[in-house]
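The next block is protein-v2.cif, given as mmCIF, C-alpha atoms.
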data_query
#
loop_
_atom_site.label_atom_id
_atom_site.label_comp_id
_atom_site.auth_asym_id
_atom_site.auth_seq_id
_atom_site.Cartn_x
_atom_site.Cartn_y
_atom_site.Cartn_z
CA MET G 1 -12.78 4.15 61.09
CA ALA G 2 -10.52 3.87 58.10
CA HIS G 3 -11.98 2.31 55.02
CA ASP G 4 -9.95 0.56 52.36
CA ARG G 5 -10.39 2.27 49.05
CA ASP G 6 -9.31 1.13 45.64
CA THR G 7 -7.47 3.85 43.81
CA LEU G 8 -7.87 4.10 40.07
CA ARG G 9 -4.31 4.75 38.96
CA ALA G 10 -4.55 4.30 35.19
CA VAL G 11 -7.00 3.29 32.54
CA ALA G 12 -5.82 1.15 29.66
CA TRP G 13 -7.86 2.98 27.07
CA GLN G 14 -6.42 0.98 24.18
CA GLU G 15 -7.52 -2.24 25.90
CA LEU G 16 -11.03 -0.87 26.41
CA PHE G 17 -11.20 0.65 22.92
CA PRO G 18 -8.84 -1.23 20.57
CA VAL G 19 -9.75 1.13 17.73
CA LEU G 20 -7.51 3.70 19.43
CA ARG G 21 -4.58 1.57 18.31
CA LEU G 22 -5.04 3.24 14.95
CA LEU G 23 -3.51 6.35 16.49
CA SER G 24 -0.16 4.56 16.48
CA ALA G 25 -0.28 4.12 12.70
CA ALA G 26 0.92 7.67 11.99
CA ARG G 27 3.82 7.28 14.40
CA MET G 28 4.87 3.96 12.89
CA ALA G 29 4.56 5.37 9.36
CA LEU G 30 7.10 8.07 10.22
CA ASN G 31 9.75 5.40 10.84
CA PHE G 32 12.66 6.29 8.56
CA ARG G 33 12.99 2.72 7.30
CA LEU G 34 9.36 2.68 6.17
CA LEU G 35 9.71 6.10 4.55
CA LEU G 36 12.83 4.90 2.74
CA LEU G 37 11.09 1.75 1.46
CA ALA G 38 8.13 3.76 0.23
CA ALA G 39 10.38 6.37 -1.39
CA VAL G 40 12.38 3.73 -3.28
CA ALA G 41 9.14 2.13 -4.47
CA LEU G 42 7.81 5.51 -5.64
CA VAL G 43 10.96 6.29 -7.62
CA GLY G 44 11.04 2.77 -9.02
CA THR G 45 7.40 2.97 -10.08
CA THR G 46 7.92 6.22 -11.96
CA ALA G 47 11.15 4.96 -13.52
CA GLY G 48 9.40 1.85 -14.81
CA TRP G 49 6.50 3.88 -16.18
CA ARG G 50 8.91 6.22 -17.97
CA VAL G 51 10.60 3.21 -19.61
CA LEU G 52 7.20 1.89 -20.68
CA GLY G 53 6.38 5.35 -22.02
CA ASP G 54 9.47 5.19 -24.22
CA LEU G 55 8.42 1.76 -25.51
CA PHE G 56 4.95 3.05 -26.42
CA ALA G 57 6.16 6.47 -27.59
CA ASN G 58 5.53 5.83 -31.29
CA THR G 59 1.78 6.26 -31.11
CA ASP G 60 -0.73 8.58 -32.67
CA ASN G 61 -3.18 8.10 -29.80
CA ALA G 62 -3.53 11.53 -28.17
CA ALA G 63 -5.15 10.09 -25.02
CA LEU G 64 -2.29 7.63 -24.56
CA THR G 65 0.23 10.44 -24.99
CA LEU G 66 -1.47 12.39 -22.19
CA ASP G 67 -1.43 9.27 -19.98
CA MET G 68 2.30 8.82 -20.51
CA GLN G 69 2.98 12.49 -19.77
CA ALA G 70 1.05 12.24 -16.51
CA ASN G 71 3.04 9.14 -15.51
CA ASP G 72 6.40 10.80 -16.27
CA ILE G 73 6.31 13.07 -13.20
CA TRP G 74 8.94 12.20 -10.60
CA PRO G 75 7.91 12.01 -6.93
CA TRP G 76 10.00 15.05 -6.01
CA ASP G 77 8.11 17.31 -8.40
CA PRO G 78 6.47 20.04 -6.24
CA HIS G 79 3.16 19.67 -8.07
CA LYS G 80 3.02 15.95 -7.26
CA ALA G 81 4.23 16.11 -3.68
CA ASP G 82 2.07 19.16 -2.91
CA ILE G 83 4.58 20.59 -0.44
CA GLY G 84 3.79 24.20 0.34
CA PRO G 85 2.67 26.66 2.97
CA LEU G 86 -0.53 25.75 4.76
CA HIS G 87 -3.33 28.29 4.58
CA SER G 88 -5.90 28.52 7.35
CA GLY G 89 -8.78 27.79 4.98
CA GLU G 90 -7.30 24.44 3.95
CA VAL G 91 -7.69 22.97 7.42
CA ILE G 92 -11.48 23.40 7.32
CA SER G 93 -11.94 22.86 3.58
CA PRO G 94 -13.55 19.47 2.72
CA GLY G 95 -11.86 19.56 -0.68
CA ALA G 96 -8.43 19.99 0.88
CA TRP G 97 -9.09 17.09 3.23
CA GLU G 98 -9.96 14.86 0.30
CA ASP G 99 -6.94 15.95 -1.75
CA ARG G 100 -4.56 15.56 1.19
CA ASN G 101 -5.95 12.23 2.42
CA PRO G 102 -3.10 9.68 2.41
CA LEU G 103 -5.48 6.72 2.23
CA VAL G 104 -7.28 8.10 -0.82
CA ARG G 105 -4.09 9.24 -2.57
CA ALA G 106 -2.23 5.98 -2.06
CA TRP G 107 -5.30 3.85 -2.78
CA THR G 108 -5.90 5.74 -6.03
CA GLY G 109 -2.25 5.88 -7.03
CA ILE G 110 -1.68 2.13 -6.71
CA SER G 111 -5.04 0.94 -8.04
CA GLU G 112 -5.40 3.42 -10.94
CA PRO G 113 -3.50 1.28 -13.49
CA PHE G 114 -5.72 -1.69 -12.63
CA LYS G 115 -8.90 0.35 -12.93
CA SER G 116 -7.71 1.62 -16.30
CA ILE G 117 -7.53 -1.86 -17.86
CA TYR G 118 -11.30 -2.22 -17.34
CA ARG G 119 -12.23 0.85 -19.38
CA ALA G 120 -14.17 -0.27 -22.43
CA ASP G 121 -13.30 2.82 -24.52
CA PHE G 122 -9.57 2.03 -24.56
CA THR G 123 -7.76 1.08 -27.75
CA LEU G 124 -5.64 -2.08 -27.69
CA THR G 125 -2.40 -0.09 -27.50
CA ARG G 126 -3.62 2.06 -24.63
CA TRP G 127 -4.94 -1.01 -22.83
CA ALA G 128 -1.60 -2.81 -23.26
CA TYR G 129 0.26 0.23 -21.89
CA TRP G 130 -1.85 0.38 -18.74
CA LEU G 131 -1.63 -3.40 -18.30
CA CYS G 132 2.17 -3.16 -18.35
CA CYS G 133 2.05 -0.26 -15.87
CA ALA G 134 -0.22 -2.26 -13.58
CA LEU G 135 1.98 -5.37 -13.64
CA TRP G 136 5.12 -3.30 -13.02
CA SER G 137 3.50 -1.52 -10.06
CA LEU G 138 2.26 -4.81 -8.63
CA ALA G 139 5.64 -6.51 -8.96
CA LEU G 140 7.46 -3.58 -7.32
CA TRP G 141 5.00 -2.86 -4.51
CA ALA G 142 4.67 -6.58 -3.77
CA PHE G 143 8.20 -6.43 -2.39
CA PHE G 144 8.38 -2.96 -0.87
CA GLY G 145 4.76 -2.90 0.33
CA GLY G 146 5.26 -6.39 1.72
CA ALA G 147 8.33 -5.21 3.62
CA ILE G 148 6.44 -2.21 5.01
CA THR G 149 3.49 -4.32 6.16
CA ARG G 150 5.82 -6.90 7.72
CA ILE G 151 7.67 -4.27 9.75
CA ALA G 152 4.34 -2.69 10.70
CA ALA G 153 2.88 -6.06 11.77
CA VAL G 154 5.81 -6.91 14.05
CA THR G 155 5.98 -3.40 15.48
CA PHE G 156 2.24 -3.27 16.13
CA ALA G 157 1.92 -6.74 17.65
CA ARG G 158 5.17 -7.07 19.58
CA GLN G 159 6.52 -3.51 19.80
CA GLU G 160 9.76 -4.91 18.41
CA ASN G 161 12.10 -3.80 15.68
CA VAL G 162 12.82 -6.35 12.96
CA SER G 163 16.15 -6.27 11.15
CA TRP G 164 16.55 -5.73 7.43
CA ARG G 165 17.84 -9.29 7.10
CA LYS G 166 14.76 -10.80 8.72
CA VAL G 167 12.43 -8.59 6.70
CA GLY G 168 14.10 -9.69 3.48
CA ALA G 169 14.08 -13.34 4.57
CA PHE G 170 10.34 -13.09 5.23
CA VAL G 171 9.30 -11.15 2.11
CA ARG G 172 11.47 -12.77 -0.58
CA PRO G 173 9.96 -16.28 -0.47
CA ARG G 174 6.47 -14.79 -0.23
CA TRP G 175 6.87 -12.28 -3.05
CA PHE G 176 4.78 -14.43 -5.38
CA SER G 177 2.00 -14.61 -2.77
CA TYR G 178 1.98 -10.81 -2.46
CA VAL G 179 1.65 -10.62 -6.26
CA ALA G 180 -0.87 -13.43 -6.70
CA ALA G 181 -3.31 -12.44 -3.93
CA PRO G 182 -4.78 -9.36 -5.70
CA LEU G 183 -4.09 -10.83 -9.13
CA MET G 184 -6.28 -13.93 -8.75
CA PRO G 185 -9.64 -12.09 -8.87
CA ILE G 186 -8.41 -10.08 -11.87
CA LEU G 187 -7.43 -13.25 -13.73
CA CYS G 188 -10.83 -14.74 -12.92
CA THR G 189 -12.54 -11.74 -14.50
CA PHE G 190 -10.32 -12.09 -17.58
CA MET G 191 -11.37 -15.73 -17.93
CA GLY G 192 -15.01 -14.71 -17.50
CA ALA G 193 -14.60 -12.00 -20.12
CA ALA G 194 -13.08 -14.55 -22.53
CA VAL G 195 -16.20 -16.72 -22.16
CA LEU G 196 -18.52 -13.75 -22.64
CA ALA G 197 -16.49 -12.73 -25.69
CA LEU G 198 -17.78 -15.89 -27.41
CA VAL G 199 -21.30 -14.58 -26.92
CA GLY G 200 -20.16 -11.26 -28.35
CA LEU G 201 -18.83 -13.01 -31.45
CA MET G 202 -22.19 -14.68 -31.99
CA MET G 203 -23.93 -11.33 -31.64
CA GLN G 204 -22.29 -10.13 -34.84
CA ALA G 205 -24.88 -12.23 -36.70
CA ASP G 206 -28.65 -11.89 -36.35
CA TRP G 207 -29.12 -15.52 -35.38
CA GLY G 208 -26.41 -15.13 -32.77
CA LEU G 209 -28.17 -12.05 -31.41
CA LEU G 210 -31.29 -14.19 -30.93
CA VAL G 211 -29.28 -16.86 -29.10
CA ALA G 212 -27.61 -14.21 -26.96
CA GLY G 213 -31.01 -12.79 -26.00
CA ILE G 214 -32.18 -16.23 -24.89
CA ILE G 215 -29.09 -16.98 -22.78
CA TRP G 216 -28.66 -13.40 -21.55
CA PRO G 217 -29.54 -14.37 -17.92
CA LEU G 218 -26.41 -16.56 -17.96
CA VAL G 219 -24.42 -13.57 -19.22
CA LEU G 220 -25.78 -11.49 -16.34
CA ILE G 221 -24.74 -14.21 -13.89
CA GLY G 222 -21.24 -14.02 -15.31
CA GLY G 223 -21.33 -10.25 -14.91
CA PHE G 224 -22.51 -10.67 -11.32
CA ILE G 225 -19.58 -12.96 -10.51
CA MET G 226 -17.08 -10.57 -12.05
CA ALA G 227 -18.66 -7.59 -10.26
CA PHE G 228 -18.53 -9.45 -6.94
CA LEU G 229 -14.86 -10.28 -7.44
CA LEU G 230 -13.86 -6.77 -8.51
CA ILE G 231 -15.90 -4.85 -5.95
CA GLY G 232 -14.57 -7.14 -3.24
CA LEU G 233 -11.05 -6.68 -4.56
CA TYR G 234 -11.42 -2.91 -4.61
CA PHE G 235 -12.21 -2.82 -0.90
CA CYS G 236 -10.18 -5.83 0.27
CA TRP G 237 -6.84 -5.65 -1.53
CA PRO G 238 -5.06 -3.45 1.03
CA LEU G 239 -5.76 -6.09 3.70
CA MET G 240 -4.30 -8.97 1.68
CA TRP G 241 -0.69 -7.97 2.20
CA GLY G 242 -1.33 -7.33 5.87
CA ALA G 243 -2.70 -10.88 6.09
CA ILE G 244 0.44 -12.36 4.51
CA SER G 245 2.73 -10.26 6.72
CA ALA G 246 0.82 -11.07 9.91
CA GLU G 247 -0.04 -14.72 9.29
CA GLY G 248 2.69 -15.90 6.93
CA THR G 249 -0.07 -17.33 4.76
CA ASP G 250 -0.15 -17.88 1.00
CA ALA G 251 -2.05 -15.94 -1.66
CA PHE G 252 -5.24 -17.96 -1.32
CA GLY G 253 -5.21 -17.58 2.46
CA ALA G 254 -4.70 -13.83 2.18
CA LEU G 255 -7.53 -13.58 -0.35
CA SER G 256 -9.95 -15.58 1.79
CA HIS G 257 -9.04 -13.72 4.99
CA ALA G 258 -9.46 -10.29 3.43
CA TYR G 259 -12.78 -11.09 1.74
CA ALA G 260 -14.15 -12.84 4.83
CA TYR G 261 -13.25 -10.05 7.26
CA VAL G 262 -14.68 -7.29 5.08
CA MET G 263 -17.85 -9.22 4.23
CA GLN G 264 -18.50 -10.14 7.86
CA ARG G 265 -17.67 -6.75 9.35
CA PRO G 266 -18.33 -4.17 6.58
CA LEU G 267 -19.46 -1.42 8.96
CA ARG G 268 -16.47 -1.90 11.24
CA TYR G 269 -14.18 -1.84 8.24
CA PHE G 270 -15.75 1.41 7.06
CA LEU G 271 -15.45 3.01 10.51
CA TYR G 272 -11.82 1.92 10.86
CA ALA G 273 -11.01 3.29 7.41
CA LEU G 274 -12.80 6.55 8.19
CA LEU G 275 -10.88 7.04 11.44
CA ALA G 276 -7.61 6.14 9.73
CA ALA G 277 -8.37 8.68 7.01
CA VAL G 278 -8.94 11.46 9.55
CA ILE G 279 -5.74 10.61 11.40
CA GLY G 280 -3.88 10.44 8.11
CA VAL G 281 -5.00 13.87 6.97
CA LEU G 282 -3.90 15.47 10.22
CA ALA G 283 -0.54 13.70 10.03
CA TRP G 284 -0.13 14.71 6.37
CA PHE G 285 -0.70 18.36 7.26
CA VAL G 286 2.11 18.09 9.81
CA VAL G 287 4.47 16.22 7.47
CA THR G 288 4.02 18.63 4.56
CA GLN G 289 4.56 21.66 6.72
CA PHE G 290 7.62 20.13 8.34
CA ALA G 291 9.15 19.32 4.94
CA PHE G 292 8.26 22.76 3.57
CA TRP G 293 9.84 24.61 6.46
CA ILE G 294 12.96 22.43 6.38
CA ILE G 295 13.63 23.68 2.87
CA GLU G 296 12.47 27.26 3.47
CA LEU G 297 14.46 27.73 6.68
CA SER G 298 17.53 26.25 5.01
CA TYR G 299 17.28 28.90 2.28
CA TRP G 300 16.59 31.57 4.91
CA GLY G 301 19.67 30.66 6.93
CA VAL G 302 21.88 30.49 3.85
CA SER G 303 20.63 33.89 2.68
CA TRP G 304 22.23 35.47 5.75
CA GLY G 305 25.60 34.73 4.22
CA SER G 306 24.88 34.74 0.49
CA GLY G 307 22.43 37.60 0.44
CA ALA G 308 19.01 37.59 -1.17
CA ASP G 309 20.35 38.75 -4.55
CA ARG G 310 22.87 35.91 -4.79
CA LEU G 311 20.23 33.40 -3.73
CA ALA G 312 17.96 34.65 -6.49
CA VAL G 313 20.79 34.12 -9.00
CA VAL G 314 21.28 30.58 -7.63
CA ASN G 315 17.62 29.80 -8.12
CA ASN G 316 17.88 31.09 -11.69
CA ALA G 317 20.58 28.67 -12.85
CA ASP G 318 20.69 30.15 -16.36
CA ASP G 319 22.90 33.01 -15.12
CA LEU G 320 25.50 30.69 -13.59
CA SER G 321 28.59 28.99 -14.97
CA ASP G 322 28.71 25.25 -15.56
CA LEU G 323 30.26 24.78 -12.14
CA GLY G 324 27.55 26.88 -10.51
CA ARG G 325 24.77 25.03 -12.34
CA THR G 326 26.23 21.75 -11.10
CA GLY G 327 26.08 23.04 -7.55
CA THR G 328 22.48 24.14 -8.08
CA GLN G 329 21.60 20.66 -9.34
CA PHE G 330 23.03 19.16 -6.16
CA ILE G 331 20.93 21.57 -4.07
CA LEU G 332 17.80 20.63 -6.01
CA PHE G 333 18.65 16.95 -5.60
CA TRP G 334 18.83 17.17 -1.82
CA ASN G 335 15.67 19.27 -1.68
CA GLY G 336 14.05 16.61 -3.83
CA CYS G 337 15.07 13.94 -1.32
CA VAL G 338 13.21 15.81 1.41
CA THR G 339 10.15 16.21 -0.84
CA THR G 340 10.20 12.54 -1.85
CA LEU G 341 10.42 11.36 1.76
CA ALA G 342 7.46 13.59 2.59
CA LEU G 343 5.41 12.07 -0.24
CA ALA G 344 6.57 8.61 0.83
CA PHE G 345 4.69 9.14 4.08
CA VAL G 346 1.43 8.89 2.11
CA PHE G 347 2.23 5.33 1.04
CA SER G 348 3.97 4.35 4.26
CA TYR G 349 0.91 5.41 6.24
CA PHE G 350 -1.41 3.63 3.81
CA TRP G 351 0.30 0.27 4.30
CA VAL G 352 0.72 0.69 8.06
CA ALA G 353 -2.92 1.72 8.56
CA SER G 354 -4.20 -1.16 6.42
CA THR G 355 -2.09 -3.59 8.48
CA VAL G 356 -3.46 -2.23 11.76
CA ILE G 357 -7.01 -2.43 10.37
CA TYR G 358 -6.36 -6.06 9.46
CA PHE G 359 -5.35 -6.81 13.06
CA LEU G 360 -8.48 -5.10 14.38
CA LEU G 361 -10.79 -6.96 11.98
CA ARG G 362 -9.07 -10.26 12.77
CA ARG G 363 -9.74 -9.65 16.45
CA GLU G 364 -13.40 -8.93 15.74
CA VAL G 365 -14.00 -11.96 13.52
CA ASP G 366 -11.61 -14.64 14.82
CA ALA G 367 -11.10 -13.37 18.40
CA THR G 368 -7.35 -13.42 17.80
CA GLU G 369 -5.31 -11.30 20.18
CA LEU G 370 -3.64 -8.22 18.75
CA ASP G 371 -0.18 -9.35 19.85
CA GLU G 372 -0.22 -12.53 17.76
CA VAL G 373 1.99 -12.40 14.68
CA TYR G 374 3.67 -15.16 12.71
CA PHE G 375 7.40 -15.78 13.19
CA PRO G 376 8.95 -18.61 11.15
CA GLU G 377 11.73 -19.09 13.70
CA GLU G 378 9.24 -19.51 16.53
CA GLN G 379 7.33 -22.12 14.54
CA GLN G 380 10.53 -24.10 14.17
CA LEU G 381 11.50 -23.65 17.82
CA HIS G 382 8.18 -24.69 19.31
CA GLY G 383 7.17 -27.30 16.75
CA LEU G 384 6.65 -30.94 17.69
CA PRO G 385 9.80 -33.12 17.74
CA PRO G 386 10.07 -36.10 15.39
CA LEU G 387 8.03 -39.04 16.69
CA LYS G 388 8.31 -42.80 16.43
CA THR G 389 6.12 -45.68 17.56
CA GLY G 390 7.41 -47.48 20.61
CA ASP G 391 7.22 -51.19 21.41
CA ASP G 392 3.92 -50.65 23.18
CA GLY G 393 2.42 -48.93 20.15
CA ILE G 394 2.48 -45.45 21.75
CA ALA G 395 4.12 -42.54 19.96
CA GLU G 396 7.28 -41.21 21.60
CA PRO G 397 10.09 -38.79 20.64
CA ALA G 398 12.64 -40.18 18.24
CA ASP G 399 16.06 -41.00 19.62
CA ASP G 400 17.71 -38.22 17.62
CA ALA G 401 15.06 -35.63 18.49
CA PRO G 402 16.56 -32.38 19.78
CA ALA G 403 16.05 -31.50 23.40
CA PRO G 404 13.36 -28.85 24.00
CA ALA G 405 14.61 -25.32 24.48
CA GLY G 406 14.97 -24.36 28.07
#
Spell out the structure here as structure tokens.
Amino acid sequence: MAHDRDTLRAVAWQELFPVLRLLSAARMALNFRLLLLAAVALVGTTAGWRVLGDLFANTDNAALTLDMQANDIWPWDPHKADIGPLHSGEVISPGAWEDRNPLVRAWTGISEPFKSIYRADFTLTRWAYWLCCALWSLALWAFFGGAITRIAAVTFARQENVSWRKVGAFVRPRWFSYVAAPLMPILCTFMGAAVLALVGLMMQADWGLLVAGIIWPLVLIGGFIMAFLLIGLYFCWPLMWGAISAEGTDAFGALSHAYAYVMQRPLRYFLYALLAAVIGVLAWFVVTQFAFWIIELSYWGVSWGSGADRLAVVNNADDLSDLGRTGTQFILFWNGCVTTLALAFVFSYFWVASTVIYFLLRREVDATELDEVYFPEEQQLHGLPPLKTGDDGIAEPADDAPAPAG
């Protein structure tokens, strides 16, 4: 007797374990458009910092001089991009995994200027320099990071490509929200510090020191509020731009979403970030080796015709004529483009992974499906038509209301 049997043909693992959707972050981050956006932002950041370095160049502060020298390195510099042959020991070295972690590198690179403005041992000039660097980075990444997270949100939720025009139309009117979302907690701490500075002024006198000792619990409460805002910002700020790109919300909405999701699901957030870090390191190993061998194999192939001796002369541009040195500069420029695109993956992956993590946390907290993403045109298409009150007192469509889309 034949028995009907159900055949298990496929298992939707990503439906059973949504965290596996993080595996798609590396693939999305390798999209050339995202790499190009990140590369332009990297070059623009360094260019702005170099201009600020020129403005603050007339200083006798040795520490500030070292800061400006460190910020003068272009993205295509081999020491910054860390493009080189991979040794077997690096794959199993914990130190190499930390150094090559895209999440850590991008997180540190973008947030470092903001962390620097909270160092108490800074002089006013050094503090002003880092404040300018922080504001420049925020203004620049607010646009390019916003564009990356918007493309990532649409690709992740709908598996659709969004045109440059639509990305620009979405990001431009929300640029201020991208800037203001992480800036609001910082401004709150500045206002809190201004209030506490009044206590500090009183402490210059003995009677003021006595008053400060009496009201010190209030000072500690102010410190608690500032610590809560800054610690929350440190962990939540990557999610804010994902919230704006996915929900179309404003700065306050992005701030509240990011803080709420992290505070309600801190362990999930940590696990998602840990998995994204592991995936990112593996992808970074592949990207660096691919970029390294592109350049090396290009030299190897060219050496078949030029010869190793001529190639050595080319690399040592001092022995060439002006025309030859110009050609060498062009070669270095194109090699630098490859190196910069490789380094851009670090920041492209950072923004894509943070956007995917936002979707996963939103699903956990608000039970929102992963394929839901805000489209302004859809809001207009499916919105309610204009209404009017009829003779019987019941609302009805206005006479000039457009017919619903078929």
Original post:
Suppose you want the space between atom CA of Asp77 of chain G and atom CA of Phe347 of chain G; what is it in Å?
Top reply: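 For atom CA of Asp77 of chain G relative to atom CA of Phe347 of chain G, the distance reads 16.3 Å.
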Selection result for the PyMOL selection byres ((chain G and resi 104-118) around 7) on this file, as an mmCIF file with C-alpha atoms, in the coordinates of the input:
data_model
loop_
_atom_site.group_PDB
_atom_site.id
_atom_site.type_symbol
_atom_site.label_atom_id
_atom_site.label_comp_id
_atom_site.auth_asym_id
_atom_site.auth_seq_id
_atom_site.Cartn_x
_atom_site.Cartn_y
_atom_site.Cartn_z
ATOM 1 C CA ASN G 101 -5.950 12.230 2.420
ATOM 2 C CA PRO G 102 -3.100 9.680 2.410
ATOM 3 C CA LEU G 103 -5.480 6.720 2.230
ATOM 4 C CA ARG G 119 -12.230 0.850 -19.380
ATOM 5 C CA ALA G 120 -14.170 -0.270 -22.430
ATOM 6 C CA TRP G 127 -4.940 -1.010 -22.830
ATOM 7 C CA TRP G 130 -1.850 0.380 -18.740
ATOM 8 C CA LEU G 131 -1.630 -3.400 -18.300
ATOM 9 C CA CYS G 133 2.050 -0.260 -15.870
ATOM 10 C CA ALA G 134 -0.220 -2.260 -13.580
ATOM 11 C CA VAL G 346 1.430 8.890 2.110
ATOM 12 C CA PHE G 347 2.230 5.330 1.040
ATOM 13 C CA PHE G 350 -1.410 3.630 3.810
#
**OP:** Starting from the shown file, work through the PyMOL selection byres ((chain G and resi 240-249) around 10) and note down what comes out as number ranges by chain.
**Re:** G: 142, 145-154, 157, 167, 170-171, 174-175, 177-179, 181-182, 233, 236-239, 250-259, 351-359, 362, 372-376
Subject >> Nearest residue to Ser348 of chain G from the set G:Ala227, G:Trp284, G:Asp322, G:Asp121 (distances using all atoms listed in the file) >> reply: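 The shortest atom-to-atom distance to Ser348 of chain G comes from G:Trp284.
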Original post:
Exactly which residues make up the result of the PyMOL selection byres ((chain G and resi 279-281) around 9) on this file, given as a list of chain:residue names?
Top reply: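 Expected selection for the PyMOL selection byres ((chain G and resi 279-281) around 9) here is G:Leu22, G:Leu23, G:Ala25, G:Ala26, G:Trp97, G:Glu98, G:Arg100, G:Asn101, G:Pro102, G:Leu103, G:Leu274, G:Leu275, G:Ala276, G:Ala277, G:Val278, G:Leu282, G:Ala283, G:Trp284, G:Phe285, G:Val286, G:Val346, G:Tyr349, G:Phe350, G:Ala353.
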Original post:
For Leu35 of chain G, which residue out of G:Gln329, G:Gln159, G:Gln289, G:Thr339 is the nearest one, using only C-alpha atoms?
Top reply: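 The answer is G:Thr339, which sits nearest to Leu35 of chain G.
The space separating atom CA of Phe32 of chain G from atom CA of Ile73 of chain G comes to 23.7 Å.
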Subject >> Residue neighbourhood Asp72 of chain G, 10 Å, all atoms listed in the file, exclusion window fewer than 5 positions, as a list of chain:residue names >> reply: G:Thr46, G:Ala47, G:Gly48, G:Trp49, G:Arg50, G:Val51, G:Leu52, G:Gly53, G:Leu66, G:Asp67
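Closest approach to Val19 of chain G from the set G:Leu370, G:Leu297, G:Leu37, G:Val338 is made by G:Leu370, with distances taken over only C-alpha atoms.
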Subject >> Near-Asn335 of chain G list (10 Å; all atoms listed in the file; drop same-chain fewer than 3 positions) as number ranges by chain >> reply: G: 76, 291-292, 294-295, 298, 329-332, 338-340
Original post:
What does the distance from atom CA of Thr189 of chain G to atom CA of Phe224 of chain G come to in Å, to one decimal?
Top reply: 10.5 Å
**OP:** For each of G:Ala205, G:Ala342, G:Leu311, G:Ala41, take the minimum atom-to-atom distance to Phe143 of chain G, counting all atoms listed in the file, then give the residue where this is smallest.
**Re:**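 Looking only at the distances to Phe143 of chain G, the closest residue turns out to be G:Ala41.
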**OP:** Have a look at G:Arg165, G:Arg126, G:Arg21, G:Arg172 and name the one nearest to Asn61 of chain G; count all atoms listed in the file.
**Re:** G:Arg126
Mind working out the centre and edge lengths of an axis-aligned box for segment 255-260 of chain G, all listed atoms inside, 5 Å added to each side, rounded to one decimal in Å and written as JSON?
{"center_x": -10.8, "center_y": -12.9, "center_z": 2.3, "size_x": 16.6, "size_y": 15.3, "size_z": 15.3}
